[in-house]
Amino acid sequence: MESQQQPAYRADLQEVFARQHRHKWVQRSTSAQARIDRLTSLKAAIEAAEDDIRTALWQDLRKTSEHTQVELNCSYSDIDFAVSHLEDWLKPRPVDRTVLPTGHAEIRYEARGQVLLFGPWNFPFSLVIQPLVPIIAAGNCVVVKPNELTPATSELVAGLLAGVFPEEEVAVVEGDVETANALLELPFDHIFLTGSPAVGKLVMKAAANHLASVTLELGGKNPVIIDGSADLSLAAEHIARVRLMNHGQICLAPENVWVPEERLEEFLGLLESALKSLVYTDGKLDVDVCGRIVNEGNLRRVTGYIDDATAKGARVVCGGTVFVDRFVLEPTILADIPASAKVLREEIFGPVVCVFGYQDIATVFSSLQAQPDPLSLYVFSEETAFVEAVLANTSSGGVTVNSCLAHFLEQHLPFGGKNNSGLGAYHGERGFRELSHERAVFVQ
């Protein structure tokens, strides 16, 4: 007969939840200045811990100083923007009357209440801090669950946040999948996940049990469409730089590149040169510059896609060597990929680029329309009409033209996916709105 006694950690989670439940009415009534002070203290704590953050990210993912600085800069940018604008965001927003001849109508922004925040393993610091900023700005209480696949960063995040926030405002819970599942059983008001579509579906199912709202930042196979007017060298440089960021483990990375058939071989040569310029020294791969795949299982998964594709006839233009002891995969370009290859169906999450030639752009549109909506889409063209045609015939969470990643960095743009690549959006004011409840108020 099974024991009815629950594991001790479940009781601890319930106690943390209960403390925040009691406190959420206090938290939602805090002033703009009080929230600004908390965010300012958070930034100061991050600045003081920069060396420790660099060490943790190196231990977990062998992130270079440059890539760690990206995580820090994104965190600082989100905090600074919220601090500068929070007072205006919190003001009630008057709206015009449409029916009643007298009275006053406005929208007030109130905290959603208790939020559960799941951090990812690929950017285990910034993608905890960045969503945490609007959660705090909107006056919520939050339980943060860092990812267990990056234990050094998880421990660091737990200590850093505990030094800034009392547990009734921000609590950090470390643990594995069992802990995550236990958290999903609790009746949070909102759940924020950065992760895969598969995990996103599990979160939505759990949220449905309590009718909780969700923000899901997921992923997908981000396409790049290049036309004949584009600067191929520029395109290759941008694609290579973002594809190799974090050793390819980034949900915004370009995966499938479409280039005019007559310029295919030229582009392949330029892309190979661009990739090698970033991580090769004297013609040899520098594994310390590459970073690392997070664990052996993910390394096997990515190399399995290459093996499957080549077994079915794909061409390895460059790369493909695996350094098993370092969890490194040499940057790889695949071409002539058959439709049956797994690499065309699954998000790669590794330093692999798939390149296709096209003769008629309509065939590219047909292919993309048959696939789930990606998180990002990139276009390289000097022709406005071509860019507009791409926008009219495709769908994605966001778009950058003649670069990669830029739409993610702009604070005035919402960042989020669409359907399979995510639900909801954040960054800047949109993040504050996403983590707030819009309350309609009419005074007669």
# chains A, B, ... in the order shown; residues from 1 in each chain; ligands from 1
>>> select_by_dssp(residues="region 219-440 of chain A", states="alpha helix (DSSP H)", output="PyMOL selection string")
chain A and resi 232-244+264-279+287-290+296-311+361-369+384-393+406-409+428-434
>>> closest_atom_pairs(of="region 262-377 of chain A", to="region 66-74 of chain A", cutoff="12 Å", atoms="only C-alpha atoms", output="tab-separated table")
residue	atom	partner	partner_atom	distance
A:Val289	CA	A:Glu66	CA	9.9
A:Cys290	CA	A:His67	CA	10.4
A:Gly291	CA	A:His67	CA	9.3
>>> select_by_dssp(residues="region 126-306 of chain A", states="strand (DSSP E or B)", output="MDAnalysis selection string")
chainID A and resid 141:145 170:172 190:194 213:217 222:226 254:260 280:281 284:285
>>> residues_around(residues="region 335-338 of chain A", least_positions_apart="5", cutoff="7 Å", atoms="only C-alpha atoms", output="mmCIF file with all heavy atoms, in the first residue's frame")
data_model
loop_
_atom_site.group_PDB
_atom_site.id
_atom_site.type_symbol
_atom_site.label_atom_id
_atom_site.label_comp_id
_atom_site.auth_asym_id
_atom_site.auth_seq_id
_atom_site.Cartn_x
_atom_site.Cartn_y
_atom_site.Cartn_z
ATOM 1 N N ALA A 309 20.848 12.552 -42.411
ATOM 2 C CA ALA A 309 20.774 13.291 -43.668
ATOM 3 C C ALA A 309 21.790 12.770 -44.680
ATOM 4 O O ALA A 309 21.472 12.565 -45.868
ATOM 5 C CB ALA A 309 20.997 14.776 -43.416
ATOM 6 N N LYS A 312 20.991 9.539 -46.288
ATOM 7 C CA LYS A 312 19.931 9.649 -47.290
ATOM 8 C C LYS A 312 20.352 10.477 -48.501
ATOM 9 O O LYS A 312 19.525 10.778 -49.361
ATOM 10 C CB LYS A 312 18.690 10.252 -46.638
ATOM 11 C CG LYS A 312 18.063 9.318 -45.595
ATOM 12 C CD LYS A 312 16.921 9.967 -44.835
ATOM 13 C CE LYS A 312 16.317 8.980 -43.839
ATOM 14 N NZ LYS A 312 15.266 9.614 -42.983
ATOM 15 N N GLY A 313 21.646 10.882 -48.533
ATOM 16 C CA GLY A 313 22.152 11.534 -49.727
ATOM 17 C C GLY A 313 22.530 12.985 -49.601
ATOM 18 O O GLY A 313 22.938 13.610 -50.587
ATOM 19 N N ALA A 314 22.420 13.585 -48.422
ATOM 20 C CA ALA A 314 22.785 14.993 -48.263
ATOM 21 C C ALA A 314 24.288 15.182 -48.419
ATOM 22 O O ALA A 314 25.079 14.268 -48.147
ATOM 23 C CB ALA A 314 22.332 15.501 -46.897
ATOM 24 N N ARG A 315 24.679 16.369 -48.837
ATOM 25 C CA ARG A 315 26.090 16.712 -49.031
ATOM 26 C C ARG A 315 26.586 17.530 -47.842
ATOM 27 O O ARG A 315 25.968 18.531 -47.480
ATOM 28 C CB ARG A 315 26.244 17.502 -50.326
ATOM 29 C CG ARG A 315 27.615 18.137 -50.539
ATOM 30 C CD ARG A 315 27.814 18.620 -51.971
ATOM 31 N NE ARG A 315 26.795 19.523 -52.433
ATOM 32 C CZ ARG A 315 27.016 20.801 -52.809
ATOM 33 N NH1 ARG A 315 28.238 21.305 -52.734
ATOM 34 N NH2 ARG A 315 26.027 21.540 -53.248
ATOM 35 N N VAL A 316 27.695 17.101 -47.254
ATOM 36 C CA VAL A 316 28.348 17.885 -46.207
ATOM 37 C C VAL A 316 29.328 18.836 -46.896
ATOM 38 O O VAL A 316 30.370 18.411 -47.391
ATOM 39 C CB VAL A 316 29.081 16.992 -45.194
ATOM 40 C CG1 VAL A 316 29.795 17.858 -44.147
ATOM 41 C CG2 VAL A 316 28.104 16.048 -44.506
ATOM 42 N N VAL A 317 28.974 20.109 -46.927
ATOM 43 C CA VAL A 317 29.816 21.105 -47.584
ATOM 44 C C VAL A 317 31.077 21.350 -46.775
ATOM 45 O O VAL A 317 32.172 21.486 -47.309
ATOM 46 C CB VAL A 317 29.035 22.418 -47.790
ATOM 47 C CG1 VAL A 317 29.915 23.495 -48.421
ATOM 48 C CG2 VAL A 317 27.799 22.165 -48.643
ATOM 49 N N CYS A 354 21.438 24.438 -42.935
ATOM 50 C CA CYS A 354 20.943 23.742 -44.118
ATOM 51 C C CYS A 354 20.687 24.776 -45.211
ATOM 52 O O CYS A 354 19.992 25.777 -44.976
ATOM 53 C CB CYS A 354 19.650 22.996 -43.798
ATOM 54 S SG CYS A 354 19.824 21.743 -42.506
ATOM 55 N N VAL A 355 21.240 24.542 -46.406
ATOM 56 C CA VAL A 355 21.155 25.518 -47.490
ATOM 57 C C VAL A 355 20.474 24.889 -48.703
ATOM 58 O O VAL A 355 20.787 23.752 -49.085
ATOM 59 C CB VAL A 355 22.550 26.040 -47.881
ATOM 60 C CG1 VAL A 355 22.438 27.119 -48.959
ATOM 61 C CG2 VAL A 355 23.269 26.607 -46.659
ATOM 62 N N PHE A 356 19.568 25.650 -49.301
ATOM 63 C CA PHE A 356 18.785 25.185 -50.442
ATOM 64 C C PHE A 356 18.857 26.213 -51.561
ATOM 65 O O PHE A 356 18.853 27.418 -51.304
ATOM 66 C CB PHE A 356 17.315 24.994 -50.052
ATOM 67 C CG PHE A 356 17.100 24.162 -48.826
ATOM 68 C CD1 PHE A 356 17.133 24.746 -47.560
ATOM 69 C CD2 PHE A 356 16.868 22.801 -48.928
ATOM 70 C CE1 PHE A 356 16.937 23.979 -46.418
ATOM 71 C CE2 PHE A 356 16.672 22.036 -47.787
ATOM 72 C CZ PHE A 356 16.713 22.619 -46.534
#
>>> residues_around(residues="Leu391 (chain A)", least_positions_apart="2", cutoff="12 Å", atoms="only C-alpha atoms", output="JSON, numbers by chain")
{"A": [225, 365, 368, 369, 376, 377, 378, 379, 384, 385, 386, 387, 388, 389, 393, 394, 395, 396, 397, 398, 399, 400, 401]}
>>> closest_atom_pairs(of="region 208-311 of chain A", to="region 185-196 of chain A", cutoff="6 Å", atoms="only C-alpha atoms", output="JSON lines")
{"residue": "A:His210", "atom": "CA", "partner": "A:Pro187", "partner_atom": "CA", "distance": 5.6}
{"residue": "A:Ala212", "atom": "CA", "partner": "A:Asp189", "partner_atom": "CA", "distance": 4.9}
{"residue": "A:Ser213", "atom": "CA", "partner": "A:His190", "partner_atom": "CA", "distance": 4.8}
{"residue": "A:Val214", "atom": "CA", "partner": "A:Ile191", "partner_atom": "CA", "distance": 4.8}
{"residue": "A:Thr215", "atom": "CA", "partner": "A:Phe192", "partner_atom": "CA", "distance": 4.7}
{"residue": "A:Leu216", "atom": "CA", "partner": "A:Leu193", "partner_atom": "CA", "distance": 5.0}
{"residue": "A:Glu217", "atom": "CA", "partner": "A:Thr194", "partner_atom": "CA", "distance": 4.6}
{"residue": "A:Leu218", "atom": "CA", "partner": "A:Ser196", "partner_atom": "CA", "distance": 5.0}
>>> closest_residue(among="A:Glu106, A:Asp96, A:Glu168, A:Asp60", to="Glu148 (chain A)", atoms="only C-alpha atoms")
A:Asp60
>>> closest_residue(among="A:Val279, A:Leu149, A:Val364, A:Leu413", to="Glu296 (chain A)", atoms="only C-alpha atoms")
A:Leu149
>>> atom_distance(atom1="CA of Phe380 (chain A)", atom2="CA of Leu234 (chain A)")
8.7 Å
>>> atom_distance(atom1="CA of Arg430 (chain A)", atom2="CA of Ser84 (chain A)")
14.5 Å
>>> closest_residue(among="A:Glu330, A:Asp325, A:Glu262, A:Glu174", to="Asn147 (chain A)", atoms="only C-alpha atoms")
A:Glu174
>>> residues_around(residues="region 35-43 of chain A", least_positions_apart="2", cutoff="6 Å", atoms="only C-alpha atoms", output="list in words")
Ala32, Gln33, Ala45, Ile46, Val83 and Ala137 of chain A
>>> write_last_selection(atoms="N, CA, C and O atoms", output="mmCIF file, in the first residue's frame")
data_model
loop_
_atom_site.group_PDB
_atom_site.id
_atom_site.type_symbol
_atom_site.label_atom_id
_atom_site.label_comp_id
_atom_site.auth_asym_id
_atom_site.auth_seq_id
_atom_site.Cartn_x
_atom_site.Cartn_y
_atom_site.Cartn_z
ATOM 1 N N ALA A 32 5.158 52.571 -8.078
ATOM 2 C CA ALA A 32 6.134 52.488 -9.168
ATOM 3 C C ALA A 32 7.548 52.642 -8.625
ATOM 4 O O ALA A 32 8.463 51.918 -9.039
ATOM 5 N N GLN A 33 7.734 53.554 -7.683
ATOM 6 C CA GLN A 33 9.065 53.796 -7.153
ATOM 7 C C GLN A 33 9.600 52.578 -6.405
ATOM 8 O O GLN A 33 10.790 52.243 -6.506
ATOM 9 N N ALA A 45 23.137 44.182 -8.179
ATOM 10 C CA ALA A 45 23.575 42.843 -7.768
ATOM 11 C C ALA A 45 24.208 42.103 -8.943
ATOM 12 O O ALA A 45 25.199 41.382 -8.780
ATOM 13 N N ILE A 46 23.638 42.259 -10.132
ATOM 14 C CA ILE A 46 24.207 41.618 -11.321
ATOM 15 C C ILE A 46 25.589 42.196 -11.621
ATOM 16 O O ILE A 46 26.540 41.461 -11.898
ATOM 17 N N VAL A 83 12.919 50.681 -15.837
ATOM 18 C CA VAL A 83 13.104 51.728 -14.829
ATOM 19 C C VAL A 83 12.765 53.091 -15.407
ATOM 20 O O VAL A 83 12.140 53.934 -14.736
ATOM 21 N N ALA A 137 8.030 44.445 -12.563
ATOM 22 C CA ALA A 137 7.496 45.759 -12.923
ATOM 23 C C ALA A 137 5.980 45.795 -12.818
ATOM 24 O O ALA A 137 5.394 46.821 -12.450
#
>>> residues_around(residues="Gly297 (chain A)", least_positions_apart="4", cutoff="12 Å", atoms="only C-alpha atoms", output="list in words")
Leu149, Ile293, Arg301, Val302, Thr303, Gly304, Val324 and Phe327 of chain A
>>> residues_around(residues="Gly319 (chain A)", least_positions_apart="4", cutoff="12 Å", atoms="only C-alpha atoms", output="PDB file with N, CA and C atoms, in the first residue's frame")
ATOM      1  N   LEU A 271      29.661  31.300 -47.010  1.00  0.00           N
ATOM      2  CA  LEU A 271      29.202  30.894 -45.679  1.00  0.00           C
ATOM      3  C   LEU A 271      30.266  30.050 -44.983  1.00  0.00           C
ATOM      4  N   GLU A 272      30.906  29.156 -45.719  1.00  0.00           N
ATOM      5  CA  GLU A 272      31.979  28.355 -45.130  1.00  0.00           C
ATOM      6  C   GLU A 272      33.104  29.259 -44.624  1.00  0.00           C
ATOM      7  N   SER A 273      33.477  30.239 -45.422  1.00  0.00           N
ATOM      8  CA  SER A 273      34.541  31.162 -45.012  1.00  0.00           C
ATOM      9  C   SER A 273      34.127  31.958 -43.784  1.00  0.00           C
ATOM     10  N   LEU A 275      31.950  31.107 -41.421  1.00  0.00           N
ATOM     11  CA  LEU A 275      31.953  30.234 -40.242  1.00  0.00           C
ATOM     12  C   LEU A 275      33.372  30.013 -39.730  1.00  0.00           C
ATOM     13  N   LYS A 276      34.293  29.731 -40.652  1.00  0.00           N
ATOM     14  CA  LYS A 276      35.663  29.428 -40.244  1.00  0.00           C
ATOM     15  C   LYS A 276      36.373  30.657 -39.683  1.00  0.00           C
ATOM     16  N   VAL A 279      35.703  30.701 -35.760  1.00  0.00           N
ATOM     17  CA  VAL A 279      36.116  29.683 -34.789  1.00  0.00           C
ATOM     18  C   VAL A 279      37.344  28.886 -35.222  1.00  0.00           C
ATOM     19  N   TYR A 280      38.008  29.314 -36.280  1.00  0.00           N
ATOM     20  CA  TYR A 280      39.223  28.636 -36.722  1.00  0.00           C
ATOM     21  C   TYR A 280      40.427  29.553 -36.533  1.00  0.00           C
ATOM     22  N   LYS A 284      42.684  25.606 -38.182  1.00  0.00           N
ATOM     23  CA  LYS A 284      42.294  24.554 -37.245  1.00  0.00           C
ATOM     24  C   LYS A 284      41.178  25.053 -36.330  1.00  0.00           C
ATOM     25  N   LEU A 285      40.202  24.203 -36.079  1.00  0.00           N
ATOM     26  CA  LEU A 285      39.092  24.572 -35.204  1.00  0.00           C
ATOM     27  C   LEU A 285      39.586  24.817 -33.785  1.00  0.00           C
ATOM     28  N   THR A 303      24.227  15.293 -33.850  1.00  0.00           N
ATOM     29  CA  THR A 303      25.025  14.508 -34.798  1.00  0.00           C
ATOM     30  C   THR A 303      24.173  13.440 -35.483  1.00  0.00           C
ATOM     31  N   ILE A 306      22.731  14.845 -38.641  1.00  0.00           N
ATOM     32  CA  ILE A 306      23.706  14.875 -39.736  1.00  0.00           C
ATOM     33  C   ILE A 306      23.870  13.473 -40.329  1.00  0.00           C
ATOM     34  N   ARG A 315      24.679  16.369 -48.837  1.00  0.00           N
ATOM     35  CA  ARG A 315      26.090  16.712 -49.031  1.00  0.00           C
ATOM     36  C   ARG A 315      26.586  17.530 -47.842  1.00  0.00           C
ATOM     37  N   PHE A 323      33.927  16.336 -31.575  1.00  0.00           N
ATOM     38  CA  PHE A 323      34.903  16.235 -30.495  1.00  0.00           C
ATOM     39  C   PHE A 323      34.130  15.808 -29.246  1.00  0.00           C
ATOM     40  N   VAL A 328      31.737  19.174 -28.529  1.00  0.00           N
ATOM     41  CA  VAL A 328      31.821  20.158 -29.598  1.00  0.00           C
ATOM     42  C   VAL A 328      31.561  19.487 -30.939  1.00  0.00           C
ATOM     43  N   LEU A 329      30.780  20.150 -31.783  1.00  0.00           N
ATOM     44  CA  LEU A 329      30.556  19.731 -33.154  1.00  0.00           C
ATOM     45  C   LEU A 329      31.127  20.801 -34.078  1.00  0.00           C
ATOM     46  N   GLU A 330      31.985  20.396 -34.987  1.00  0.00           N
ATOM     47  CA  GLU A 330      32.535  21.346 -35.943  1.00  0.00           C
ATOM     48  C   GLU A 330      31.393  21.977 -36.741  1.00  0.00           C
ATOM     49  N   PRO A 331      31.377  23.320 -36.890  1.00  0.00           N
ATOM     50  CA  PRO A 331      30.311  23.972 -37.667  1.00  0.00           C
ATOM     51  C   PRO A 331      30.120  23.297 -39.021  1.00  0.00           C
ATOM     52  N   THR A 332      28.870  23.004 -39.336  1.00  0.00           N
ATOM     53  CA  THR A 332      28.550  22.133 -40.458  1.00  0.00           C
ATOM     54  C   THR A 332      27.548  22.806 -41.391  1.00  0.00           C
ATOM     55  N   ILE A 333      27.795  22.679 -42.686  1.00  0.00           N
ATOM     56  CA  ILE A 333      26.841  23.120 -43.703  1.00  0.00           C
ATOM     57  C   ILE A 333      26.362  21.899 -44.462  1.00  0.00           C
ATOM     58  N   LEU A 334      25.058  21.748 -44.588  1.00  0.00           N
ATOM     59  CA  LEU A 334      24.462  20.664 -45.355  1.00  0.00           C
ATOM     60  C   LEU A 334      23.756  21.231 -46.583  1.00  0.00           C
ATOM     61  N   PRO A 351      25.316  23.775 -34.192  1.00  0.00           N
ATOM     62  CA  PRO A 351      25.982  24.598 -35.206  1.00  0.00           C
ATOM     63  C   PRO A 351      25.889  24.006 -36.612  1.00  0.00           C
ATOM     64  N   VAL A 352      24.677  23.832 -37.102  1.00  0.00           N
ATOM     65  CA  VAL A 352      24.426  23.235 -38.411  1.00  0.00           C
ATOM     66  C   VAL A 352      23.524  24.168 -39.217  1.00  0.00           C
ATOM     67  N   VAL A 353      23.905  24.421 -40.475  1.00  0.00           N
ATOM     68  CA  VAL A 353      23.096  25.246 -41.372  1.00  0.00           C
ATOM     69  C   VAL A 353      22.702  24.405 -42.573  1.00  0.00           C
TER      70      VAL A 353
END
